[in-house]
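**Q** My structure is below; once you've seen it, I'll send some questions.
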There are 8 protein chains.
Amino acid sequence: MNNRHHHTDPADAFARIDTERLARQGMPEFIYAESKTPEQVAAIMEKLIDQDGCALASRATPAHAQAAQARIASAHYDATSRLLSVGCLPDQPVGLAIVVAAGTSDLPIAEEACGVLTFLGDRVQRLYDVGIAGVHRLLAHVDTLNEADVLIVVAGMEGALPTLVGGLVAVPVIAVPTSVGYGAGFGGLAALLGMLNSCAAGITVVNIDNGLGAAAAAHRLLLRMRRAHSNDGRLGL
Amino acid sequence: MNNRHHHTDPADAFARIDTERLARQGMPEFIYAESKTPEQVAAIMEKLIDQDGCALASRATPAHAQAAQARIASAHYDATSRLLSVGCLPDQPVGLAIVVAAGTSDLPIAEEACGVLTFLGDRVQRLYDVGIAGVHRLLAHVDTLNEADVLIVVAGMEGALPTLVGGLVAVPVIAVPTSVGYGAGFGGLAALLGMLNSCAAGITVVNIDNGLGAAAAAHRLLLRMRRAHSNDGRLGL
Amino acid sequence: MNNRHHHTDPADAFARIDTERLARQGMPEFIYAESKTPEQVAAIMEKLIDQDGCALASRATPAHAQAAQARIASAHYDATSRLLSVGCLPDQPVGLAIVVAAGTSDLPIAEEACGVLTFLGDRVQRLYDVGIAGVHRLLAHVDTLNEADVLIVVAGMEGALPTLVGGLVAVPVIAVPTSVGYGAGFGGLAALLGMLNSCAAGITVVNIDNGLGAAAAAHRLLLRMRRAHSNDGRLGL
Amino acid sequence: MNNRHHHTDPADAFARIDTERLARQGMPEFIYAESKTPEQVAAIMEKLIDQDGCALASRATPAHAQAAQARIASAHYDATSRLLSVGCLPDQPVGLAIVVAAGTSDLPIAEEACGVLTFLGDRVQRLYDVGIAGVHRLLAHVDTLNEADVLIVVAGMEGALPTLVGGLVAVPVIAVPTSVGYGAGFGGLAALLGMLNSCAAGITVVNIDNGLGAAAAAHRLLLRMRRAHSNDGRLGL
Amino acid sequence: MNNRHHHTDPADAFARIDTERLARQGMPEFIYAESKTPEQVAAIMEKLIDQDGCALASRATPAHAQAAQARIASAHYDATSRLLSVGCLPDQPVGLAIVVAAGTSDLPIAEEACGVLTFLGDRVQRLYDVGIAGVHRLLAHVDTLNEADVLIVVAGMEGALPTLVGGLVAVPVIAVPTSVGYGAGFGGLAALLGMLNSCAAGITVVNIDNGLGAAAAAHRLLLRMRRAHSNDGRLGL
Amino acid sequence: MNNRHHHTDPADAFARIDTERLARQGMPEFIYAESKTPEQVAAIMEKLIDQDGCALASRATPAHAQAAQARIASAHYDATSRLLSVGCLPDQPVGLAIVVAAGTSDLPIAEEACGVLTFLGDRVQRLYDVGIAGVHRLLAHVDTLNEADVLIVVAGMEGALPTLVGGLVAVPVIAVPTSVGYGAGFGGLAALLGMLNSCAAGITVVNIDNGLGAAAAAHRLLLRMRRAHSNDGRLGL
Amino acid sequence: MNNRHHHTDPADAFARIDTERLARQGMPEFIYAESKTPEQVAAIMEKLIDQDGCALASRATPAHAQAAQARIASAHYDATSRLLSVGCLPDQPVGLAIVVAAGTSDLPIAEEACGVLTFLGDRVQRLYDVGIAGVHRLLAHVDTLNEADVLIVVAGMEGALPTLVGGLVAVPVIAVPTSVGYGAGFGGLAALLGMLNSCAAGITVVNIDNGLGAAAAAHRLLLRMRRAHSNDGRLGL
Amino acid sequence: MNNRHHHTDPADAFARIDTERLARQGMPEFIYAESKTPEQVAAIMEKLIDQDGCALASRATPAHAQAAQARIASAHYDATSRLLSVGCLPDQPVGLAIVVAAGTSDLPIAEEACGVLTFLGDRVQRLYDVGIAGVHRLLAHVDTLNEADVLIVVAGMEGALPTLVGGLVAVPVIAVPTSVGYGAGFGGLAALLGMLNSCAAGITVVNIDNGLGAAAAAHRLLLRMRRAHSNDGRLGL
């Protein structure tokens with residue numbers, strides 16, 4: 001009877017790596033560390049490096065980082081963005097993403113977006129602490145905003161910043177609500193709903209605190225832009 | 001047994017008028033018409049006129065208006081604001097309320113606020129269609145905003161306008177979310193949450209579509225302002 | 001006293017047209033017809049035509065259409081998408097948007113997206129009725145999907161289609177949840193949450209039933225793509 | 001007066017064991033450990049063993065395990081599934097359940113389902129890490145899926161996997177949403193709603209993170225299948 | 001320019017019939033009539049009849065029925081269940097589904113389940129008006145319940161009936177919450193949550209008012225039961 | 001095949017009357033008319049009269065009333081409370097219920113409570129329009145409140161009245177939230193939550209707009225009071 | 001300037017004891033310990049003892065208990081119910097409350113109700129672990145239930161037990177939802193909604209986990225019963 | 001490659017101080033400490049002091065206080081209100097704010113409001129523990145309430161206190177819901193909804209637990225009052 005007790009399979013068994021994701025999507029599979037043990041994250045990372053030459057885990061804790069660094073010397077951990085990475089994709093000269101953030105509290109999510117873009121080889125600039133309560137801080141930077149090929153706009157509280165930005169420029173805007181706030185902010189729900197109901201036409205939205213998703217969406221867009229830039233229809237992977 | 005069936009009491013019975021509300025609050029009792037029959041609204045109106053010399057019903061339908069006008073020749077109905085009124089309080093020279101509205105769709109609620117203020121004798125100005133998607137429309141009016149003693153800011157969709165206004169001036173801002181929008185606007189919930197979580201300090205909020213409540217709050221403030229203005233501590237009712 | 005009753009201002013007063021939106025955003029101001037009277041919609045349309053040479057109202061009813069057509073002979077109304085339009089922007093040869101829809105019930109929203117893109121001069125293709133319950137229907141079209149510069153993916157119920165599409169190709173995906181469904185669909189909330197929590201990285205989302213918003217977001221992207229295509233940094237408006 | 005203070009009754013008093021549940025339902029009463037003290041869990045376990053010869057507690061912590069093992073030497077604890085068990089029901093040769101899981105993060109819930117099925121004597125296979133973001137991983141296993149008599153499909157995030165599975169095969173599908181995710185996942189609500197609104201007809205759903213409930217439902221189904229298999233109408237308990 | 005206005009495609013274009021669903025799933029594609037025009041429903045029905053020899057539309061209105069009957073003489077409409085059908089699958093002698101309903105108000109949903117099962121060729125019995133407020137009404141029928149191979153239990157209000165049934169017998173229970181109720185019933189949400197949190201182990205749940213989904217789930221189960229019954233591993237389609 | 005179409009059973013079949021409810025509960029089964037057809041309501045009424053000599057349907061429309069009156073001449077309909085009744089239980093001299101209502105808009109629900117109590121033979125008094133905005137209106141009636149054996153307190157909007165009443169007297173308070181209000185009242189949810197979180201200890205609550213439920217709860221209490229009054233332990237049915 | 005920093009007032013200042021609550025309500029003010037510091041709880045307790053001769057704090061932690069016991073030697077703490085008490089009201093021979101609980105996990109809340117009743121001098125019996133999943137456990141106790149003057153029924157999960165009880169007997173039922181459960185239980189919301197929507201007429205409900213509130217409501221009822229019992233109209237305080 | 005890792009910018013970079021907020025708004029920028037590191041809070045504080053001569057951080061922990069005090073000797077921390085401050089604005093003789101609180105549990109939020117007003121130079125009085133369950137406690141202070149120029153009313157649970165206050169006096173009322181409560185209080189949601197739906201006209205509301213926001217709103221009002229008082233139209237900053 002005792003032999004009926006299930007022993008959790010070794011690392012090979014639980015993770016079925018999507019081996020062609022990089023070719024198919026222009027980016028490798030990312031590891032979502034939050035619900036995984038340090039050992040699971042480290043094991044999946046090794047597999048992905050074997051396959052793609054690089055790997056990135058989001059929402060990693062110091063414990064995840066330690067487990068990875070014990071196996072992979074070059075593993076790098078950034079405590080602000082909670083990104084744990086090994087290697088990266090080659091630099092891309094075409095296309096610029098600008099990450100705009102409302103306040104200092106939104107920094108971890110904004111930095112997650114920046115870190116993922118950097119990992120993917122995309123050019124990124126930061127424009128932080130330009131919240132709507134002091135609107136002149138943003139208005140001084142409209143020319144900068146217009147230089148971008150895509151804007152990632154990060155805000156918590158009432159989440160109005162993407163609406164303001166979207167009304168000022170014609171650049172694609174990817175809005176990232178953050179869970180910064182309290183009470184009737186409901187963990188970012190207020191910001192999320194605000195962005196979904198934006199009166200500025202053409203704002204798109206990702207999940208609360210999903211800096212990685214915003215970066216991935218921007219990367220999809222930049223890939224297409226490079227194909228257009230090359231004028232020959234080939235995908236600029 | 002049949003005599004046990006309850007016959008709804010005559011008009012005198014169902015409405016217990018709050019006879020001293022005008023003296024106590026600086027404004028008479030308002031009639032919320034939405035859940036009342038035309039006959040009930042007309043009967044309560046007559047009672048209030050007897051007592052206060054004027055009466056106001058909100059969210060009145062044309063049927064409510066007809067029932068009232070059949071009894072009270074001077075009853076006036078405004079289809080946009082859905083206000084049904086008889087008489088009004090005397091004009092007050094001190095204090096200015098400005099009602100700011102984001103878009104044409106918010107007009108019924110903004111007009112409800114204006115109509116109630118007018119009924120209460122307060123001075124009111126309108127500044128409409130200055131939504132955040134074209135922020136320069138509002139920026140051109142900052143001097144006007146600064147002239148107000150109180151601002152009522154009406155917006156639906158993401159409800160960001162009060163935050164923008166509150167960041168530009170030091171005037172008290174009463175934010176009114178409207179149910180304008182669809183989908184994840186959830187009947188005004190997105191705008192309400194946005195206003196409650198405003199990153200501009202000192203914005204206060206009333207219920208969704210509650211133009212009347214915003215006007216009553218502004219009136220409370222203007223009453224206090226008049227007391228201060230008279231420099232002798234008497235309440236300027 | 002009677003002269004204190006407010007008479008709603010003439011059409012000039014309630015709508016403060018954003019006169020430079022076309023130049024600033026690469027698209028004119030759209031009219032949200034749902035909370036406006038037929039007369040208001042027709043009046044705003046005339047103003048916008050004077051300024052931009054074209055105008056588009058969404059969520060228009062036949063009554064809105066009639067009021068507009070009484071003033072503007074060339075006003076065109078499409079009952080499926082509920083779009084009411086006069087004129088359009090010039091055709092753009094560069095850039096392709098494909099609108100993917102899960103089922104016949106999602107057609108009105110998908111057609112809204114198509115209609116807005118067409119109005120803005122963008123090239124658009126349709127790929128309808130490829131819902132996830134019969135996954136082979138979509139798998140047969142992966143090559144087509146890869147030709148697009150941007151995909152608008154429309155789905156109700158559980159809203160899983162954008163996740164499937166996003167996992168198959170590297171193209172930018174704008175997901176549009178629809179209110180198709182019942183019970184615990186909560187008017188599109190289930191589809192919205194599903195899209196926001198997609199396990200396919202880089203999906204962005206717009207409001208429930210917001211075909212127009214998805215089209216505007218795609219247009220922002222295509223504008224940037226044209227600038228990249230022209231290789232000289234000028235915005236391809 | 002002091003003797004009025006209530007002293008919590010001994011273990012016999014608080015737990016009224018349902019002595020015929022095994023005969024009536026084909027499975028014994030399970031112990032939900034989460035809101036119980038270690039002592040309560042251990043005491044109830046002993047009672048159940050006396051009666052049924054085996055016992056199973058779900059959502060047990062190491063503290064629960066320790067208390068049980070102090071009394072019952074053969075108590076077995078699995079940290080991944082959080083199942084604490086003593087003994088099991090006899091093996092059943094007829095009927096196969098396959099547990100399908102979207103990602104490594106869903107493993108604890110998938111393992112709870114597997115562990116309960118094993119305890120109940122049912123045959124179970126695992127098919128893990130076949131999430132919808134790389135749909136080819138699942139498509140390679142359609143034949144395996146078709147061998148099952150019942151499928152338990154475990155997924156968090158947007159919860160689309162059961163819909164995909166349900167569209168590929170005719171096998172009964174019991175969908176288990178997990179709380180894996182963040183932000184607008186709302187602790188598994190997004191996955192739950194997605195599964196309830198599945199466009200694949202005939203998917204049934206259990207509570208968020210309820211691997212045990214899915215296993216019990218599968219067991220009910222396998223009991224009926226055995227009765228059919230025996231061709232004589234007797235319940236295959 | 002005018003030729004750019006999109007004319008909705010003919011019926012062939014909008015509906016991409018899933019031609020092998022009957023073979024793959026043991027049931028044809030169902031038509032969800034609620035968000036479709038009468039013409040769309042009738043056109044899709046004709047297509048499905050050509051392919052499968054039968055067709056079923058749920059949530060059909062009399063207008064849908066009229067449009068279908070104008071094209072297909074044998075189309076049958078049941079006003080209680082709102083099912084519109086043409087033909088059906090062959091009768092199956094093995095396997096019995098019993099549909100249990102709490103009250104008269106739940107009849108439309110219970111009848112939807114019965115109608116779909118009948119259409120699919122499954123044997124079905126009804127046991128109605130056995131709500132929990134008078135528990136003896138149900139207790140008198142435990143033997144009947146035990147004869148079933150699968151139970152569909154339909155209840156609104158607090159939705160406790162499936163819990164009671166699930167505690168009495170070992171038969172698989174598919175719970176269907178209905179929107180019967182008011183106030184804090186929130187359109188069936190109370191019943192849905194009650195069923196998902198049932199303290200009777202092994203209850204599975206479908207969407208609110210989803211009689212069709214419950215029937216399809218029962219049909220999946222009966223298909224498997226027939227395969228077991230035939231003792232040769234072939235799917236009893 | 002056609003004979004497989006289900007024809008809804010005659011009235012005898014769909015309603016399984018709970019024949020001993022009056023003896024068991026001290027009140028007969030009530031008919032919830034809202035989700036039933038006029039014919040169903042009339043048929044169930046006849047059955048109940050045969051058994052109990054009286055019958056009561058709540059939330060009845062004029063159409064329900066007409067169908068009942070066509071069969072039962074003595075059927076009585078009250079349009080305010082929407083109660084449809086035939087006969088009643090004998091008058092009870094012991095015990096007094098007072099129904100307190102906040103405003104005229106809450107009258108239909110308050111009257112439903114009064115009508116049900118009257119039907120059950122209980123003594124009932126009304127105290128209406130004593131909302132909290134003019135607290136002196138209620139304070140004038142504290143002696144009256146203290147005469148009651150049970151208080152049913154009906155309020156919409158913020159639902160604060162039961163809290164105020166519960167803090168003034170020691171009488172049992174059954175709070176009834178109504179759906180009166182708009183916006184963030186969410187159909188009575190605000191009032192419901194307010195009553196559930198009352199800072200006055202010992203307030204109990206029923207569903208939104210559930211005047212009948214409050215009356216039934218009061219009746220249960222009065223039954224017990226009569227047993228106590230008779231001093232001999234017999235249930236005062 | 002430093003003198004402007006506010007120093008929190010001494011204990012006398014922050015708590016304005018309601019000195020006549022015992023006379024007015026038949027029970028003293030209770031102390032809600034959860035949001036108060038140990039020092040605040042101890043100080044308020046001393047004040048209440050001075051006035052009423054007894055005091056009771058709910059949701060007290062061991063830290064609260066220690067602070068109280070340091071000042072008041074006779075302070076008694078029960079870890080299961082988290083009640084901290086000093087003294088109690090005199091025993092009442094008339095009237096019986098029975099506390100019914102669904103499972104062992106609901107014990108802390110059931111014990112809170114029992115402890116408060118005991119403190120108030122009311123007679124109380126316990127009937128635990130009679131959950132609906134094994135309905136025969138409750139059916140064996142119907143005679144006991146009928147002896148009660150009031151029933152407090154405590155249940156988590158789907159919260160169906162009060163509905164079952166309410167359908168079996170005519171006794172007043174006060175339902176207490178508990179937060180026992182997980183996932184779509186939403187911290188007791190499922191049980192709360194289930195109880196509010198009970199199909200058994202006349203069930204009343206208190207807040208989630210509010211054993212104290214249920215006891216206070218039962219006490220209000222027993223007070224009235226004693227007045228009836230004494231046959232002379234005096235309140236049996 | 002390693003040089004691509006982003007190193008979080010020094011303190012100068014992440015915080016873009018709004019240098020003219022004091023002049024524009026009559027109050028400096030406040031620091032929301034909750035999502036910031038102790039170092040970030042201390043650095044921003046230093047910047048604000050350089051500019052405005054004073055600084056205030058809300059929701060500060062002892063760790064924030066320590067970091068600030070290490071750099072700024074005069075930094076003052078109040079553990080009850082969690083305010084961390086350096087310096088303050090000059091005292092203002094005109095205008096009085098009274099902070100009213102329902103219970104001892106609401107003290108931290110009430111004290112946050114008082115502390116912010118004191119920091120801004122406004123006169124403030126406290127009136128605590130006057131909850132609605134003992135209404136006479138408040139009625140004894142109506143004259144005091146009438147002396148105020150603005151009332152901040154803080155309450156948790158059902159949040160009825162602002163409604164009661166607003167019905168007694170004509171003074172502006174800013175309602176602050178607190179998260180005090182449990183179960184269906186939903187972290188302050190019940191109190192928030194209660195306040196938004198107040199039947200007392202003219203109550204305005206801020207976010208749950210937002211004592212700071214209420215103080216800022218009161219300050220905006222007092223600024224306007226001073227302008228009125230000075231009779232010369234100059235803003236009394």
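If you're wondering about the labels, chains in the structure tokens are A, B, ... by order shown, residues count from 1 in each chain, ligands from 1 in order shown.
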Applying 12 Å and only C-alpha atoms, which residues near Thr80 in chain B remain after dropping the ones on its own chain fewer than 3 positions away? List them as a list in words.
**A**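 The filter keeps Ser58, Arg59, Ala60, Thr61, Pro62, Tyr77, Leu83, Leu84, Thr104, Ser105, Asp106, Leu107, Pro108, Ile109, Ala110, Glu111, Glu112, Ala113, Cys114 and Gly115 of chain B; His5, His6, His7, Thr8, Asp9, Ser35, Lys36 and Thr37 of chain C.
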**Q** Now that the selection is made, can you save its residues with C-alpha atoms as a short mmCIF file (atom, residue, chain, number, x, y, z; two decimals), in the first residue's frame?
**A**
```
data_model
loop_
_atom_site.label_atom_id
_atom_site.label_comp_id
_atom_site.auth_asym_id
_atom_site.auth_seq_id
_atom_site.Cartn_x
_atom_site.Cartn_y
_atom_site.Cartn_z
CA SER B 58 -35.13 65.07 -8.54
CA ARG B 59 -35.14 62.21 -11.08
CA ALA B 60 -38.68 63.12 -12.01
CA THR B 61 -40.26 61.68 -15.14
CA PRO B 62 -42.71 63.52 -17.40
CA TYR B 77 -39.93 70.65 -15.27
CA LEU B 83 -35.70 68.38 -11.96
CA LEU B 84 -39.26 69.31 -11.05
CA THR B 104 -21.72 66.08 -23.58
CA SER B 105 -22.89 62.73 -22.22
CA ASP B 106 -22.41 63.98 -18.66
CA LEU B 107 -24.74 66.92 -19.26
CA PRO B 108 -27.84 65.55 -17.44
CA ILE B 109 -25.93 65.12 -14.19
CA ALA B 110 -24.08 68.41 -14.52
CA GLU B 111 -27.38 70.16 -15.17
CA GLU B 112 -28.90 68.49 -12.12
CA ALA B 113 -26.14 70.05 -10.03
CA CYS B 114 -26.63 73.46 -11.67
CA GLY B 115 -30.39 73.30 -11.27
CA HIS C 5 -34.68 78.20 -14.82
CA HIS C 6 -31.83 77.06 -16.95
CA HIS C 7 -32.46 76.54 -20.66
CA THR C 8 -29.99 74.08 -22.10
CA ASP C 9 -27.49 75.98 -24.22
CA SER C 35 -25.60 58.82 -24.01
CA LYS C 36 -26.35 61.60 -26.47
CA THR C 37 -29.58 62.70 -28.12
#
```
**Q** Quick one: which chain B residues come within 8 Å of chain C, and what is the nearest atom pair for each with the distance in Å to one decimal, counting only C-alpha atoms, rows ordered by chain and ascending number, as JSON lines?
**A**
```
{"residue": "B:Thr80", "atom": "CA", "partner": "C:Thr8", "partner_atom": "CA", "distance": 7.7}
{"residue": "B:Gly87", "atom": "CA", "partner": "C:Met1", "partner_atom": "CA", "distance": 7.5}
{"residue": "B:Cys88", "atom": "CA", "partner": "C:Met1", "partner_atom": "CA", "distance": 7.6}
{"residue": "B:Gly103", "atom": "CA", "partner": "C:Ala15", "partner_atom": "CA", "distance": 7.4}
{"residue": "B:Thr104", "atom": "CA", "partner": "C:Phe14", "partner_atom": "CA", "distance": 6.1}
{"residue": "B:Ser105", "atom": "CA", "partner": "C:Ser35", "partner_atom": "CA", "distance": 5.1}
{"residue": "B:Gly115", "atom": "CA", "partner": "C:His6", "partner_atom": "CA", "distance": 7.0}
{"residue": "B:Thr118", "atom": "CA", "partner": "C:Arg4", "partner_atom": "CA", "distance": 6.9}
{"residue": "B:Tyr128", "atom": "CA", "partner": "C:Phe14", "partner_atom": "CA", "distance": 6.2}
{"residue": "B:Asp129", "atom": "CA", "partner": "C:Arg16", "partner_atom": "CA", "distance": 5.3}
{"residue": "B:Val130", "atom": "CA", "partner": "C:Arg16", "partner_atom": "CA", "distance": 6.9}
{"residue": "B:Gly134", "atom": "CA", "partner": "C:Asp18", "partner_atom": "CA", "distance": 6.2}
{"residue": "B:Arg137", "atom": "CA", "partner": "C:Asp18", "partner_atom": "CA", "distance": 7.4}
{"residue": "B:Val180", "atom": "CA", "partner": "C:Ser35", "partner_atom": "CA", "distance": 6.8}
{"residue": "B:Tyr182", "atom": "CA", "partner": "C:Ile208", "partner_atom": "CA", "distance": 7.6}
{"residue": "B:Gly183", "atom": "CA", "partner": "C:Ile208", "partner_atom": "CA", "distance": 4.7}
{"residue": "B:Ala184", "atom": "CA", "partner": "C:Asn207", "partner_atom": "CA", "distance": 6.1}
```
**Q** For range 49-51 of chain F, work out the shell of residues within 8 Å, counting only C-alpha atoms and skipping chain neighbours fewer than 3 positions away, then give it as a PDB file with N, CA and C atoms, in the first residue's frame.
**A**
```pdb
ATOM      1  N   THR F  19     -47.299  19.180   2.134  1.00  0.00           N
ATOM      2  CA  THR F  19     -48.628  19.109   2.751  1.00  0.00           C
ATOM      3  C   THR F  19     -48.662  19.349   4.247  1.00  0.00           C
ATOM      4  N   MET F  45     -52.144  27.846  -6.159  1.00  0.00           N
ATOM      5  CA  MET F  45     -53.032  28.460  -5.171  1.00  0.00           C
ATOM      6  C   MET F  45     -54.215  27.566  -4.857  1.00  0.00           C
ATOM      7  N   GLU F  46     -54.842  27.051  -5.876  1.00  0.00           N
ATOM      8  CA  GLU F  46     -56.004  26.174  -5.666  1.00  0.00           C
ATOM      9  C   GLU F  46     -55.635  24.963  -4.819  1.00  0.00           C
ATOM     10  N   CYS F  54     -56.324  28.469   2.909  1.00  0.00           N
ATOM     11  CA  CYS F  54     -55.892  29.814   2.536  1.00  0.00           C
ATOM     12  C   CYS F  54     -54.608  29.705   1.720  1.00  0.00           C
ATOM     13  N   ALA F  55     -54.232  30.821   1.060  1.00  0.00           N
ATOM     14  CA  ALA F  55     -53.026  30.815   0.236  1.00  0.00           C
ATOM     15  C   ALA F  55     -52.548  32.237   0.018  1.00  0.00           C
ATOM     16  N   VAL F  86     -55.811  34.575  -0.636  1.00  0.00           N
ATOM     17  CA  VAL F  86     -57.150  34.014  -0.467  1.00  0.00           C
ATOM     18  C   VAL F  86     -57.237  33.548   0.995  1.00  0.00           C
TER      19      VAL F  86
END
```
**Q** What does the structure give for the distance between CA of Leu120 in chain H and CA of Ala102 in chain H, in Å to one decimal?
**A**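 Spanning CA of Leu120 in chain H to CA of Ala102 in chain H is a straight-line distance of 24.2 Å.
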**Q** Write out as JSON, numbers by chain the set of residues from range 20-234 of chain H that DSSP, computed on the backbone, places in alpha helix (DSSP H).
**A** {"H": [21, 22, 23, 24, 25, 38, 39, 40, 41, 42, 43, 44, 45, 46, 47, 48, 49, 50, 51, 52, 62, 63, 64, 65, 66, 67, 68, 69, 70, 71, 107, 108, 109, 110, 111, 112, 113, 114, 115, 116, 117, 118, 119, 136, 137, 138, 139, 142, 143, 144, 145, 146, 147, 161, 162, 163, 164, 165, 166, 167, 168, 189, 190, 191, 192, 193, 194, 195, 196, 211, 212, 213, 214, 215, 216, 217, 218, 219, 220, 221, 222, 223, 224, 225, 226, 227, 228, 229, 230]}
**Q** Near range 159-171 of chain A, within 8 Å and counting only C-alpha atoms, which residues show up once chain neighbours fewer than 6 positions away are dropped, as a PyMOL selection string?
**A** (chain A and resi 102+131-132+142+145-146+148-151+153+177+190-192+194-195+198-203) or (chain B and resi 132-135+158+160+194) or (chain C and resi 24-26+220-221+223-224)
**Q** Excluding same-chain residues fewer than 3 positions from Leu127 in chain F, what lies within 8 Å of it counting only C-alpha atoms, as a ChimeraX atom specification?
**A** /F:98-101,130
**Q** Write to file, as a compact mmCIF listing (two decimals), in the first residue's frame, the residues of the selection just made, with all heavy atoms.
**A**
```txt
# COMPACT_ATOMS: atom_id res chain seq x y z
N ILE F 98 -44.32 45.77 15.02
CA ILE F 98 -44.38 47.11 14.43
C ILE F 98 -43.44 47.15 13.24
O ILE F 98 -42.29 46.72 13.33
CB ILE F 98 -44.01 48.21 15.46
CG1 ILE F 98 -44.99 48.18 16.63
CG2 ILE F 98 -43.99 49.57 14.80
CD1 ILE F 98 -44.78 49.29 17.66
N VAL F 99 -43.96 47.65 12.12
CA VAL F 99 -43.16 47.78 10.91
C VAL F 99 -42.76 49.25 10.76
O VAL F 99 -43.62 50.12 10.63
CB VAL F 99 -43.93 47.29 9.67
CG1 VAL F 99 -43.10 47.50 8.42
CG2 VAL F 99 -44.28 45.81 9.82
N VAL F 100 -41.46 49.48 10.81
CA VAL F 100 -40.91 50.84 10.74
C VAL F 100 -40.27 51.02 9.36
O VAL F 100 -39.54 50.14 8.91
CB VAL F 100 -39.83 51.01 11.83
CG1 VAL F 100 -39.28 52.43 11.84
CG2 VAL F 100 -40.37 50.63 13.20
N ALA F 101 -40.57 52.12 8.67
CA ALA F 101 -39.99 52.33 7.34
C ALA F 101 -39.35 53.70 7.25
O ALA F 101 -39.85 54.69 7.81
CB ALA F 101 -41.05 52.17 6.26
N VAL F 130 -39.72 57.73 8.96
CA VAL F 130 -38.96 58.20 10.12
C VAL F 130 -37.46 58.02 9.86
O VAL F 130 -36.69 57.59 10.72
CB VAL F 130 -39.37 57.43 11.39
CG1 VAL F 130 -40.77 57.83 11.82
CG2 VAL F 130 -39.29 55.92 11.17
```
**Q** Could you state the separation of CA of His229 in chain E and CA of Gln92 in chain E in Å, given to one decimal place?
**A** 12.3 Å
**Q** State, in Å with one decimal place, the distance from CA of Ala214 in chain H to CA of Leu138 in chain H.
**A** 20.7 Å
